[in-house]
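The next block is work-v1.txt, given as compact mmCIF, C-alpha atoms.
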```
# COMPACT_ATOMS: atom_id res chain seq x y z
CA MET A 1 6.74 -20.43 53.31
CA ALA A 2 6.44 -23.06 50.60
CA GLY A 3 6.39 -21.92 47.00
CA LYS A 4 3.26 -22.11 44.90
CA VAL A 5 3.43 -23.38 41.30
CA ALA A 6 1.12 -21.38 39.01
CA LEU A 7 0.54 -21.55 35.27
CA LEU A 8 0.67 -18.27 33.37
CA LEU A 9 -0.62 -18.13 29.79
CA TRP A 10 -0.32 -15.07 27.59
CA GLY A 11 -2.33 -14.28 24.50
CA ALA A 12 -2.39 -11.15 22.40
CA GLN A 13 -5.20 -9.61 24.47
CA THR A 14 -5.22 -7.11 27.37
CA PRO A 15 -1.90 -6.31 29.10
CA GLN A 16 -0.71 -8.73 31.77
CA LEU A 17 1.15 -7.65 34.87
CA LEU A 18 3.94 -10.11 35.70
CA VAL A 19 5.32 -10.38 39.22
CA LYS A 20 8.79 -11.66 40.08
CA PRO A 21 9.32 -13.64 42.22
CA PRO A 22 6.24 -15.40 40.87
CA TRP A 23 4.65 -16.34 44.23
CA THR A 24 1.92 -14.62 46.22
CA PRO A 25 1.52 -12.54 48.23
CA ALA A 26 4.00 -10.03 46.77
CA VAL A 27 6.06 -8.42 49.55
CA LEU A 28 8.54 -5.55 49.30
CA TRP A 29 11.39 -7.43 50.96
CA ASP A 30 11.40 -9.91 48.04
CA ARG A 31 12.67 -7.11 45.77
CA VAL A 32 9.53 -7.35 43.64
CA THR A 33 9.77 -6.54 39.93
CA LEU A 34 6.64 -5.69 37.92
CA THR A 35 6.62 -6.15 34.15
CA CYS A 36 3.86 -5.01 31.79
CA GLN A 37 3.58 -7.56 29.01
CA ALA A 38 1.46 -6.63 25.99
CA SER A 39 1.69 -5.92 22.31
CA GLY A 40 2.82 -2.52 21.12
CA THR A 41 5.76 -0.30 22.03
CA ALA A 42 7.19 -0.72 25.52
CA GLY A 43 7.85 3.02 25.81
CA ALA A 44 4.10 3.67 25.55
CA THR A 45 3.40 1.98 28.92
CA THR A 46 1.49 4.08 31.48
CA TRP A 47 1.59 2.96 35.14
CA PHE A 48 -1.13 3.42 37.77
CA LYS A 49 -0.67 3.18 41.56
CA ASP A 50 -3.67 2.98 43.85
CA ARG A 51 -5.90 3.86 40.84
CA GLN A 52 -4.02 7.11 40.21
CA ARG A 53 -1.90 7.83 37.14
CA TRP A 54 1.58 7.47 38.51
CA TRP A 55 4.14 7.14 35.74
CA LEU A 56 3.48 8.36 32.21
CA GLU A 57 5.09 6.53 29.29
CA GLY A 58 7.65 4.81 31.40
CA CYS A 59 9.51 1.63 30.73
CA ASN A 60 7.68 -1.68 30.82
CA SER A 61 9.46 -3.02 33.96
CA PHE A 62 10.61 -1.60 37.30
CA ASN A 63 11.53 -2.59 40.90
CA VAL A 64 8.80 -1.78 43.40
CA LYS A 65 9.95 0.50 46.24
CA LYS A 66 6.59 1.36 47.79
CA SER A 67 3.63 -0.77 48.74
CA GLY A 68 0.39 -0.28 46.89
CA THR A 69 -1.85 -1.60 44.12
CA TYR A 70 -0.37 -1.36 40.63
CA GLN A 71 -1.75 -1.54 37.08
CA CYS A 72 -0.34 -0.84 33.62
CA TYR A 73 -1.89 0.48 30.42
CA ARG A 74 -0.93 0.10 26.74
CA PRO A 75 -2.64 1.90 23.84
CA ARG A 76 -4.98 -0.32 21.77
CA THR A 77 -4.78 -3.16 24.34
CA GLY A 78 -6.19 -1.56 27.47
CA LEU A 79 -5.65 -1.75 31.22
CA SER A 80 -4.15 -4.74 33.02
CA SER A 81 -5.54 -6.44 36.11
CA SER A 82 -4.20 -5.11 39.43
CA VAL A 83 -1.36 -6.48 41.56
CA THR A 84 -0.95 -5.53 45.22
CA VAL A 85 2.50 -5.32 46.80
CA SER A 86 2.43 -5.15 50.61
CA ASN A 87 5.08 -4.01 53.06
CA GLY A 88 4.93 -7.41 54.78
CA ALA A 89 3.66 -6.21 58.16
CA GLY A 90 0.26 -5.49 59.68
CA ALA A 91 -0.54 -3.89 62.98
CA GLY A 92 0.49 -7.05 64.82
CA ALA A 93 4.01 -6.83 63.40
CA ALA A 94 4.67 -3.73 65.43
CA GLY A 95 3.97 -5.70 68.54
CA GLY A 96 0.56 -5.02 69.07
CA GLY A 97 -2.58 -5.82 67.77
CA HIS A 98 -5.92 -6.02 66.55
CA GLY A 99 -5.56 -9.58 65.48
CA ASP A 100 -3.29 -8.74 62.50
CA THR A 101 -0.10 -10.69 62.20
CA ALA A 102 3.07 -10.03 60.25
CA LEU A 103 3.41 -11.92 57.01
CA PRO A 104 6.22 -14.45 57.21
CA LYS A 105 8.99 -13.96 54.73
CA PRO A 106 8.76 -16.68 52.08
CA VAL A 107 11.67 -18.90 51.33
CA GLU A 108 13.27 -17.83 48.04
CA LEU A 109 13.21 -20.79 45.70
CA SER A 110 15.38 -21.14 42.62
CA VAL A 111 13.73 -22.62 39.56
CA SER A 112 16.02 -24.79 37.46
CA SER A 113 13.63 -26.02 34.77
CA VAL A 114 10.03 -25.59 33.62
CA SER A 115 7.96 -27.74 31.25
CA PHE A 116 4.54 -26.86 29.78
CA TYR A 117 1.92 -29.37 28.64
CA ARG A 118 -1.24 -29.17 26.55
CA ASP A 119 -3.64 -32.09 26.79
CA GLY A 120 -0.87 -34.12 28.35
CA LYS A 121 1.65 -33.48 25.56
CA GLU A 122 4.85 -31.65 26.46
CA LEU A 123 5.29 -28.35 24.60
CA GLY A 124 8.93 -27.86 25.53
CA LYS A 125 11.22 -26.98 28.39
CA LEU A 126 12.10 -23.42 29.31
CA HIS A 127 15.22 -22.62 31.34
CA ASN A 128 15.19 -19.61 33.67
CA TRP A 129 11.83 -18.49 32.29
CA THR A 130 8.44 -19.42 33.66
CA GLU A 131 5.98 -18.13 31.06
CA LEU A 132 4.36 -19.62 27.98
CA SER A 133 3.27 -17.15 25.32
CA LEU A 134 0.42 -17.94 22.92
CA SER A 135 0.55 -15.10 20.44
CA PRO A 136 -1.25 -14.71 18.18
CA LEU A 137 -3.95 -17.01 19.48
CA GLN A 138 -5.09 -19.78 17.11
CA LEU A 139 -7.99 -22.18 17.28
CA ASN A 140 -5.61 -25.09 17.83
CA HIS A 141 -4.39 -23.45 21.04
CA SER A 142 -7.55 -24.63 22.80
CA GLY A 143 -6.93 -27.34 25.39
CA HIS A 144 -5.97 -28.15 28.98
CA TYR A 145 -2.63 -26.75 30.11
CA HIS A 146 -0.43 -27.45 33.09
CA CYS A 147 3.22 -26.96 33.92
CA LYS A 148 5.88 -28.81 35.87
CA VAL A 149 8.60 -26.98 37.77
CA GLN A 150 11.84 -28.37 39.12
CA LEU A 151 13.40 -26.39 41.95
CA ARG A 152 17.11 -26.68 42.54
CA GLY A 153 17.75 -29.53 44.89
CA SER A 154 14.10 -30.58 44.85
CA ARG A 155 11.78 -32.83 42.91
CA TRP A 156 9.38 -31.80 40.19
CA GLN A 157 6.15 -30.07 41.17
CA GLN A 158 3.03 -29.86 39.02
CA SER A 159 0.49 -27.03 38.71
CA GLU A 160 -3.26 -27.33 38.63
CA PRO A 161 -4.62 -27.60 35.07
CA VAL A 162 -5.93 -24.56 33.25
CA SER A 163 -8.54 -24.85 30.49
CA VAL A 164 -8.09 -22.55 27.49
CA THR A 165 -10.84 -22.18 24.88
CA VAL A 166 -10.12 -20.06 21.81
CA GLN A 167 -13.32 -19.02 20.09
CA GLY A 168 -13.31 -18.70 16.32
CA VAL A 169 -14.00 -15.36 14.65
CA PRO A 170 -16.39 -15.64 11.67
CA PRO A 171 -15.01 -14.25 8.39
CA SER A 172 -15.95 -10.66 7.55
CA GLY A 173 -14.70 -7.74 5.50
CA VAL A 174 -14.15 -9.72 2.28
CA SER A 175 -12.75 -7.62 -0.58
CA LEU A 176 -11.55 -8.16 -4.15
CA SER A 177 -8.65 -6.73 -6.12
CA VAL A 178 -7.61 -7.26 -9.72
CA GLN A 179 -4.36 -7.30 -11.67
CA PRO A 180 -3.87 -5.47 -13.92
CA PRO A 181 -5.91 -2.78 -12.12
CA GLY A 182 -8.84 -1.01 -13.71
CA GLU A 183 -11.28 -3.94 -14.15
CA GLN A 184 -10.65 -3.88 -17.92
CA VAL A 185 -8.47 -6.29 -19.86
CA ALA A 186 -7.78 -6.79 -23.55
CA LEU A 187 -8.91 -9.92 -25.32
CA GLY A 188 -6.22 -12.60 -24.95
CA ASP A 189 -4.47 -10.95 -22.00
CA SER A 190 -4.15 -12.51 -18.53
CA LEU A 191 -6.23 -11.55 -15.49
CA GLU A 192 -5.63 -12.20 -11.78
CA LEU A 193 -8.33 -11.78 -9.10
CA ASN A 194 -7.38 -11.75 -5.40
CA CYS A 195 -9.68 -12.25 -2.40
CA ALA A 196 -8.75 -10.78 1.02
CA VAL A 197 -10.40 -11.20 4.45
CA ALA A 198 -10.23 -8.46 7.09
CA LYS A 199 -11.25 -10.73 9.99
CA GLY A 200 -11.73 -14.45 10.49
CA THR A 201 -10.01 -17.43 12.05
CA GLY A 202 -9.05 -20.43 9.98
CA PRO A 203 -9.14 -22.73 8.34
CA LEU A 204 -10.97 -20.62 5.74
CA SER A 205 -12.44 -21.92 2.48
CA PHE A 206 -12.60 -19.78 -0.67
CA SER A 207 -14.79 -20.17 -3.76
CA TRP A 208 -15.10 -17.99 -6.89
CA HIS A 209 -18.33 -17.30 -8.78
CA GLN A 210 -19.31 -15.51 -11.98
CA GLU A 211 -22.83 -14.19 -12.42
CA GLY A 212 -24.81 -16.62 -14.52
CA SER A 213 -22.40 -19.51 -13.94
CA GLY A 214 -23.67 -22.36 -11.78
CA GLU A 215 -20.43 -24.07 -10.85
CA PRO A 216 -17.63 -22.37 -8.87
CA LEU A 217 -14.78 -21.14 -11.05
CA GLY A 218 -12.10 -22.10 -8.51
CA THR A 219 -11.02 -22.34 -4.90
CA GLY A 220 -8.31 -20.57 -2.98
CA PRO A 221 -7.69 -16.86 -2.37
CA ARG A 222 -6.61 -16.23 -6.00
CA LEU A 223 -8.27 -16.84 -9.35
CA ASP A 224 -6.04 -16.83 -12.46
CA LEU A 225 -7.39 -16.39 -15.99
CA PRO A 226 -4.28 -16.82 -18.19
CA GLN A 227 -6.05 -15.82 -21.44
CA VAL A 228 -9.40 -14.04 -21.31
CA TRP A 229 -12.12 -14.28 -23.94
CA VAL A 230 -15.34 -12.36 -24.58
CA ASN A 231 -17.41 -14.66 -22.33
CA ASP A 232 -15.09 -13.86 -19.40
CA SER A 233 -16.74 -10.43 -19.12
CA GLY A 234 -19.14 -10.20 -16.20
CA HIS A 235 -19.57 -9.81 -12.45
CA TYR A 236 -17.25 -11.82 -10.19
CA GLN A 237 -17.61 -12.56 -6.47
CA CYS A 238 -15.58 -14.38 -3.83
CA GLN A 239 -17.18 -16.35 -0.96
CA VAL A 240 -15.26 -17.13 2.23
CA SER A 241 -16.57 -19.70 4.69
CA HIS A 242 -15.64 -21.27 7.99
CA GLY A 243 -18.04 -23.91 9.18
CA ASP A 244 -21.55 -22.44 8.98
CA SER A 245 -20.30 -18.85 8.65
CA VAL A 246 -20.16 -17.48 5.09
CA ALA A 247 -19.11 -13.99 3.98
CA GLU A 248 -19.31 -12.61 0.44
CA SER A 249 -17.29 -9.92 -1.27
CA PRO A 250 -18.84 -7.08 -3.28
CA THR A 251 -19.13 -7.96 -6.96
CA LEU A 252 -16.39 -6.89 -9.34
CA ASN A 253 -17.37 -6.06 -12.92
CA VAL A 254 -14.72 -7.24 -15.39
CA THR A 255 -14.89 -6.01 -18.98
CA VAL A 256 -12.99 -7.79 -21.74
CA LEU A 257 -12.05 -5.26 -24.43
CA VAL A 258 -12.35 -6.48 -28.04
CA PRO A 259 -10.21 -5.30 -31.00
CA VAL A 260 -11.95 -3.67 -33.97
CA ALA A 261 -12.82 -5.97 -36.87
CA ASN A 262 -14.88 -6.10 -40.09
CA ALA A 263 -15.11 -2.41 -40.98
CA THR A 264 -17.63 -1.56 -43.71
CA ILE A 265 -18.83 1.57 -45.60
CA THR A 266 -22.56 2.20 -46.10
CA PRO A 267 -23.62 4.93 -48.62
CA ASN A 268 -26.69 7.10 -48.19
CA PRO A 269 -28.73 7.04 -50.30
CA PRO A 270 -28.06 3.37 -50.96
CA THR A 271 -28.84 3.61 -54.69
CA LEU A 272 -26.12 2.61 -57.12
CA GLN A 273 -26.75 5.58 -59.46
CA MET A 274 -27.32 9.26 -58.78
CA ARG A 275 -27.33 12.41 -60.84
CA PRO A 276 -24.52 14.94 -60.47
CA GLY A 277 -25.40 17.41 -57.73
CA ASP A 278 -27.32 14.90 -55.61
CA PRO A 279 -26.28 14.79 -51.91
CA MET A 280 -24.35 11.79 -50.61
CA THR A 281 -22.98 10.63 -47.24
CA LEU A 282 -20.82 7.64 -46.39
CA ARG A 283 -21.01 5.94 -42.99
CA CYS A 284 -18.29 3.68 -41.54
CA SER A 285 -19.02 1.01 -38.92
CA VAL A 286 -17.35 -2.04 -37.35
CA GLN A 287 -18.93 -5.38 -36.56
CA VAL A 288 -17.03 -5.67 -33.24
CA GLY A 289 -14.71 -3.41 -31.28
CA SER A 290 -14.63 -1.91 -27.78
CA ALA A 291 -14.98 1.84 -27.47
CA PRO A 292 -13.46 4.25 -28.06
CA VAL A 293 -13.10 3.54 -31.79
CA THR A 294 -11.53 6.14 -34.11
CA PHE A 295 -12.52 6.50 -37.79
CA THR A 296 -10.26 7.97 -40.48
CA TRP A 297 -11.39 8.50 -44.11
CA LEU A 298 -9.08 8.09 -47.11
CA HIS A 299 -9.85 9.45 -50.59
CA ASN A 300 -7.54 8.06 -53.24
CA GLY A 301 -5.16 7.06 -50.43
CA HIS A 302 -5.08 10.50 -48.75
CA GLN A 303 -6.66 11.34 -45.42
CA VAL A 304 -9.62 13.68 -45.84
CA ALA A 305 -11.69 13.45 -42.65
CA ARG A 306 -12.22 11.84 -39.23
CA GLY A 307 -15.32 10.40 -37.64
CA PRO A 308 -17.80 7.67 -38.58
CA LEU A 309 -19.69 9.89 -41.06
CA LEU A 310 -18.29 11.45 -44.28
CA ASP A 311 -20.60 14.06 -45.80
CA LEU A 312 -19.78 14.60 -49.48
CA GLY A 313 -22.59 17.09 -50.05
CA ALA A 314 -23.53 17.53 -53.71
CA VAL A 315 -21.40 15.09 -55.67
CA HIS A 316 -19.24 16.46 -58.47
CA VAL A 317 -16.15 15.56 -60.44
CA GLY A 318 -13.86 16.23 -57.49
CA HIS A 319 -15.47 13.37 -55.56
CA LEU A 320 -14.53 10.72 -58.10
CA GLY A 321 -12.14 8.02 -56.96
CA THR A 322 -11.77 5.39 -54.22
CA TYR A 323 -12.86 5.75 -50.59
CA GLN A 324 -11.69 3.68 -47.65
CA CYS A 325 -12.29 3.83 -43.87
CA VAL A 326 -9.54 3.06 -41.32
CA THR A 327 -10.79 2.09 -37.82
CA THR A 328 -8.59 1.76 -34.71
CA ASN A 329 -8.92 1.19 -30.97
CA GLN A 330 -6.38 0.96 -28.13
CA LEU A 331 -6.70 -1.77 -25.51
CA GLY A 332 -4.86 -3.11 -22.50
CA GLN A 333 -3.26 -1.37 -19.55
CA ASP A 334 -2.77 2.31 -20.46
CA GLY A 335 -3.77 1.54 -24.05
CA HIS A 336 -0.45 -0.14 -24.84
CA ARG A 337 -1.91 -2.24 -27.68
CA MET A 338 -3.42 -0.72 -30.85
CA PHE A 339 -5.65 -2.60 -33.30
CA ARG A 340 -6.67 -1.53 -36.82
CA ALA A 341 -9.27 -2.67 -39.34
CA LEU A 342 -9.58 -1.42 -42.95
CA SER A 343 -12.88 -1.35 -44.84
CA PRO A 344 -13.06 -2.58 -48.43
CA GLU A 345 -12.49 0.22 -50.98
CA LEU A 346 -15.56 1.89 -52.47
CA GLU A 347 -15.20 3.64 -55.86
CA LEU A 348 -17.18 6.65 -57.05
CA GLU A 349 -17.34 6.71 -60.90
CA VAL A 350 -19.26 8.30 -63.79
CA THR A 351 -21.32 6.24 -66.26
CA PRO A 352 -22.92 7.88 -69.32
CA GLN A 353 -26.66 7.29 -69.51
CA GLY A 354 -27.50 4.23 -71.58
CA SER A 355 -23.89 2.97 -71.66
CA SER A 356 -23.12 -0.58 -70.63
CA GLY A 357 -19.44 0.19 -70.05
CA HIS A 358 -17.68 2.18 -67.35
CA LEU A 359 -16.05 5.32 -68.67
CA TRP A 360 -13.70 7.48 -66.62
CA ASN A 361 -14.47 11.17 -66.70
CA THR A 362 -11.39 13.38 -66.65
CA GLY A 363 -12.79 16.85 -67.29
CA GLY A 364 -16.26 16.95 -65.78
CA VAL A 365 -19.61 15.26 -65.58
CA THR A 366 -21.43 15.42 -68.90
CA GLN A 367 -25.11 16.00 -69.27
CA GLY A 368 -27.09 12.78 -69.14
CA SER A 369 -24.45 10.96 -67.09
CA TYR A 370 -24.91 9.09 -63.81
CA VAL A 371 -22.66 8.97 -60.74
CA GLY A 372 -22.36 5.50 -59.27
CA LEU A 373 -20.57 3.55 -56.55
CA ARG A 374 -18.70 0.34 -57.19
CA SER A 375 -16.23 -1.86 -55.38
CA PRO A 376 -13.04 -2.05 -57.49
CA HIS A 377 -12.82 -5.82 -57.30
CA HIS A 378 -16.25 -6.06 -58.99
CA ARG A 379 -14.92 -4.67 -62.27
```

Structure re-expressed in structure tokens:
Amino acid sequence: MAGKVALLLWGAQTPQLLVKPPWTPAVLWDRVTLTCQASGTAGATTWFKDRQRWWLEGCNSFNVKKSGTYQCYRPRTGLSSSVTVSNGAGAGAAGGGHGDTALPKPVELSVSSVSFYRDGKELGKLHNWTELSLSPLQLNHSGHYHCKVQLRGSRWQQSEPVSVTVQGVPPSGVSLSVQPPGEQVALGDSLELNCAVAKGTGPLSFSWHQEGSGEPLGTGPRLDLPQVWVNDSGHYQCQVSHGDSVAESPTLNVTVLVPVANATITPNPPTLQMRPGDPMTLRCSVQVGSAPVTFTWLHNGHQVARGPLLDLGAVHVGHLGTYQCVTTNQLGQDGHRMFRALSPELELEVTPQGSSGHLWNTGGVTQGSYVGLRSPHHR
């Protein structure tokens, strides 16, 4: 029986059941070998014979000893198509009949060389192997395939063409990640945003967008900001497209943390002169600075309290002297950078009523005197 040249193409899809020798019909006397070809672990192959589970978690290849219809199964890839191996004889082979005839034994042919072609271009020659694997499938694998086989002592033979069309998968499952993690970065530090796609066939196009910005910030799966500024805070999004299919990532809110600066002290009441015994509070604030901000109060250079508000109560001689507020905040990954801002000094002094000078009181506040606030550099 003359050999038949067939083209076998494998992609990373359902399992394929390979028959050797590669001609049909498959007959026991040809010492038929069945091989289950699929992704995954070979030891996880389950074999079926005549639609019944026959061999659990066996090897992926074996020599057929009994006629029947065989299939193989691999987890996550499914069940293969069936292959029937006959015993080579019908009722007529036993000498009698109902019109059935014995199948003639095919002539065993030895393949010396195989060449595969796509759209007329040779893909390469394979010696002692008659399969072309396309795994993983790509869009550029689409085309018309055929093969040429040279049998030992014979001329080349060509298969019928096979058309392969690989359909593109639209992008989906777009996600964002940020380095350093946490979505917060200190002013002046670097920031790296990465865009990932769970599914989608290429070529894929990437574009980056910030809420409120008309033009894309960049292209490619990564966006680098080598030195961030205040206006880099905001919501970021990545768009992935292939042809007319567009998928968007969830937005990522990036916050640029700002060091404390321009600390000031505000007295309450704001009057410049008070009588001894009047209540007074001092409030410390910063013009800029990302939370959390800590406040430390110094009286004559010594720490006396924490928090933005210093309540002096009824002022007396013990409150005289200079006051200063120290503000700090910690920024960056794990707070590795600390910033500090000092307020100008504010001086609490005693001025006798009707005096144009500034007299220091060393023993107490005399009757008819005023308590006032003054910045030392205004003396």

**Prompt:** Quick one: residues within 10 Å of Gln138 (chain A), all atoms listed in the file counted, chain neighbours fewer than 2 positions away excluded, as number ranges by chain?
**Reply:** A: 11, 134-136, 140-142, 165-168, 201-202

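For Asp119 (chain A), the set of protein, DNA and RNA residues having any atom at most 12 Å away, when counting all atoms listed in the file and skipping those fewer than 2 positions along the same chain, is Phe116, Tyr117, Lys121, Glu122, Leu123, Asn140, His141, Ser142, Gly143, His144, Tyr145, His146, Cys147, Pro161, Val162, Ser163 and Val164 of chain A.
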
inquiry  = Counting only C-alpha atoms, which residues have an atom no more than 8 Å from (-14.9, -11.7, 13.3) in the file's coordinates? Please list them as an MDAnalysis selection string.
reply    = chainID A and resid 168:172 199:201

Give me the region 277-328 of chain A side of the contact with region 247-267 of chain A, cut-off 12 Å, one line per residue showing its nearest atom pair and distance in Å at one decimal, counting only C-alpha atoms, sorted by chain and residue number, as CSV.
```
residue,atom,partner,partner_atom,distance
A:Pro279,CA,A:Pro267,CA,10.7
A:Met280,CA,A:Pro267,CA,7.2
A:Thr281,CA,A:Pro267,CA,5.9
A:Leu282,CA,A:Pro267,CA,4.5
A:Arg283,CA,A:Thr266,CA,5.1
A:Cys284,CA,A:Ile265,CA,4.6
A:Ser285,CA,A:Ala263,CA,5.6
A:Val286,CA,A:Ala263,CA,4.3
A:Gln287,CA,A:Asn262,CA,5.4
A:Val288,CA,A:Val260,CA,5.5
A:Gly289,CA,A:Val260,CA,3.9
A:Ser290,CA,A:Val258,CA,5.1
A:Ala291,CA,A:Leu257,CA,8.3
A:Pro292,CA,A:Val260,CA,10.0
A:Val293,CA,A:Val260,CA,7.6
A:Thr294,CA,A:Val260,CA,9.8
A:Phe295,CA,A:Ala263,CA,9.8
A:Thr296,CA,A:Ala263,CA,11.5
A:Trp297,CA,A:Ile265,CA,10.3
A:Leu298,CA,A:Ile265,CA,11.8
A:Pro308,CA,A:Ile265,CA,9.4
A:Leu309,CA,A:Ile265,CA,9.5
A:Leu310,CA,A:Pro267,CA,9.5
A:Asp311,CA,A:Pro267,CA,10.0
A:Leu312,CA,A:Pro267,CA,10.4
A:Thr322,CA,A:Ile265,CA,11.8
A:Tyr323,CA,A:Ile265,CA,8.8
A:Gln324,CA,A:Ile265,CA,7.7
A:Cys325,CA,A:Ile265,CA,7.1
A:Val326,CA,A:Ala263,CA,7.8
A:Thr327,CA,A:Ala263,CA,7.0
A:Thr328,CA,A:Val260,CA,6.4
```

For this session: List the residues sitting within 10 Å of (-13.3, -19.6, 1.7) in the file's frame, using all atoms listed in the file, as a ChimeraX atom specification.
Result: /A:171,174,195-197,202-208,219-221,238-243,245-248

The distance between CA of Leu34 (chain A) and CA of Pro21 (chain A) is 9.4 Å

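For Gly188 (chain A), the set of protein, DNA and RNA residues having any atom at most 8 Å away, when counting all atoms listed in the file and skipping those fewer than 5 positions along the same chain, is Gln227, Val228 and Trp229 of chain A.
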
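Distance-wise, CA of Cys59 (chain A) and CA of Ala38 (chain A) end up 12.5 Å apart.
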
Q.
Can you tell me which residues surround Ala26 (chain A) at a distance of at most 10 Å, considering only C-alpha atoms, apart from same-chain residues fewer than 5 positions away, and format the answer as a list in words?
A. Val19, Lys20, Pro21, Arg31, Val32, Thr33, Ser67, Val83, Thr84, Val85, Ser86, Asn87, Gly88 and Pro106 of chain A

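Comparing the minimum interatomic distances between Asp50 (chain A) and each of A:Gly313, A:Gly68, A:Gly301, A:Pro180, counting all atoms listed in the file, we find that A:Gly68 sits nearest.
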
Just add N, CA and C atoms to region 308-319 of chain A and send it as a PDB file, in the coordinates of the input.
```pdb
ATOM      1  N   PRO A 308     -17.115   8.771 -37.882  1.00  0.00           N
ATOM      2  CA  PRO A 308     -17.800   7.670 -38.580  1.00  0.00           C
ATOM      3  C   PRO A 308     -18.583   8.111 -39.805  1.00  0.00           C
ATOM      4  N   LEU A 309     -18.863   9.426 -39.956  1.00  0.00           N
ATOM      5  CA  LEU A 309     -19.690   9.890 -41.060  1.00  0.00           C
ATOM      6  C   LEU A 309     -18.881  10.838 -41.959  1.00  0.00           C
ATOM      7  N   LEU A 310     -18.930  10.594 -43.287  1.00  0.00           N
ATOM      8  CA  LEU A 310     -18.290  11.450 -44.280  1.00  0.00           C
ATOM      9  C   LEU A 310     -19.380  12.056 -45.147  1.00  0.00           C
ATOM     10  N   ASP A 311     -19.563  13.366 -45.042  1.00  0.00           N
ATOM     11  CA  ASP A 311     -20.600  14.060 -45.800  1.00  0.00           C
ATOM     12  C   ASP A 311     -19.967  14.666 -47.069  1.00  0.00           C
ATOM     13  N   LEU A 312     -20.320  14.102 -48.218  1.00  0.00           N
ATOM     14  CA  LEU A 312     -19.780  14.600 -49.480  1.00  0.00           C
ATOM     15  C   LEU A 312     -20.558  15.800 -50.002  1.00  0.00           C
ATOM     16  N   GLY A 313     -21.765  16.009 -49.521  1.00  0.00           N
ATOM     17  CA  GLY A 313     -22.590  17.090 -50.050  1.00  0.00           C
ATOM     18  C   GLY A 313     -23.066  16.747 -51.451  1.00  0.00           C
ATOM     19  N   ALA A 314     -23.127  17.748 -52.320  1.00  0.00           N
ATOM     20  CA  ALA A 314     -23.530  17.530 -53.710  1.00  0.00           C
ATOM     21  C   ALA A 314     -22.353  16.956 -54.480  1.00  0.00           C
ATOM     22  N   VAL A 315     -22.509  15.758 -55.017  1.00  0.00           N
ATOM     23  CA  VAL A 315     -21.400  15.090 -55.670  1.00  0.00           C
ATOM     24  C   VAL A 315     -21.044  15.802 -56.967  1.00  0.00           C
ATOM     25  N   HIS A 316     -19.746  15.845 -57.240  1.00  0.00           N
ATOM     26  CA  HIS A 316     -19.240  16.460 -58.470  1.00  0.00           C
ATOM     27  C   HIS A 316     -17.975  15.739 -58.866  1.00  0.00           C
ATOM     28  N   VAL A 317     -17.302  16.251 -59.885  1.00  0.00           N
ATOM     29  CA  VAL A 317     -16.150  15.560 -60.440  1.00  0.00           C
ATOM     30  C   VAL A 317     -15.018  15.409 -59.439  1.00  0.00           C
ATOM     31  N   GLY A 318     -14.922  16.323 -58.484  1.00  0.00           N
ATOM     32  CA  GLY A 318     -13.860  16.230 -57.490  1.00  0.00           C
ATOM     33  C   GLY A 318     -14.023  15.081 -56.522  1.00  0.00           C
ATOM     34  N   HIS A 319     -15.218  14.497 -56.461  1.00  0.00           N
ATOM     35  CA  HIS A 319     -15.470  13.370 -55.560  1.00  0.00           C
ATOM     36  C   HIS A 319     -15.140  12.025 -56.183  1.00  0.00           C
TER      37      HIS A 319
END
```
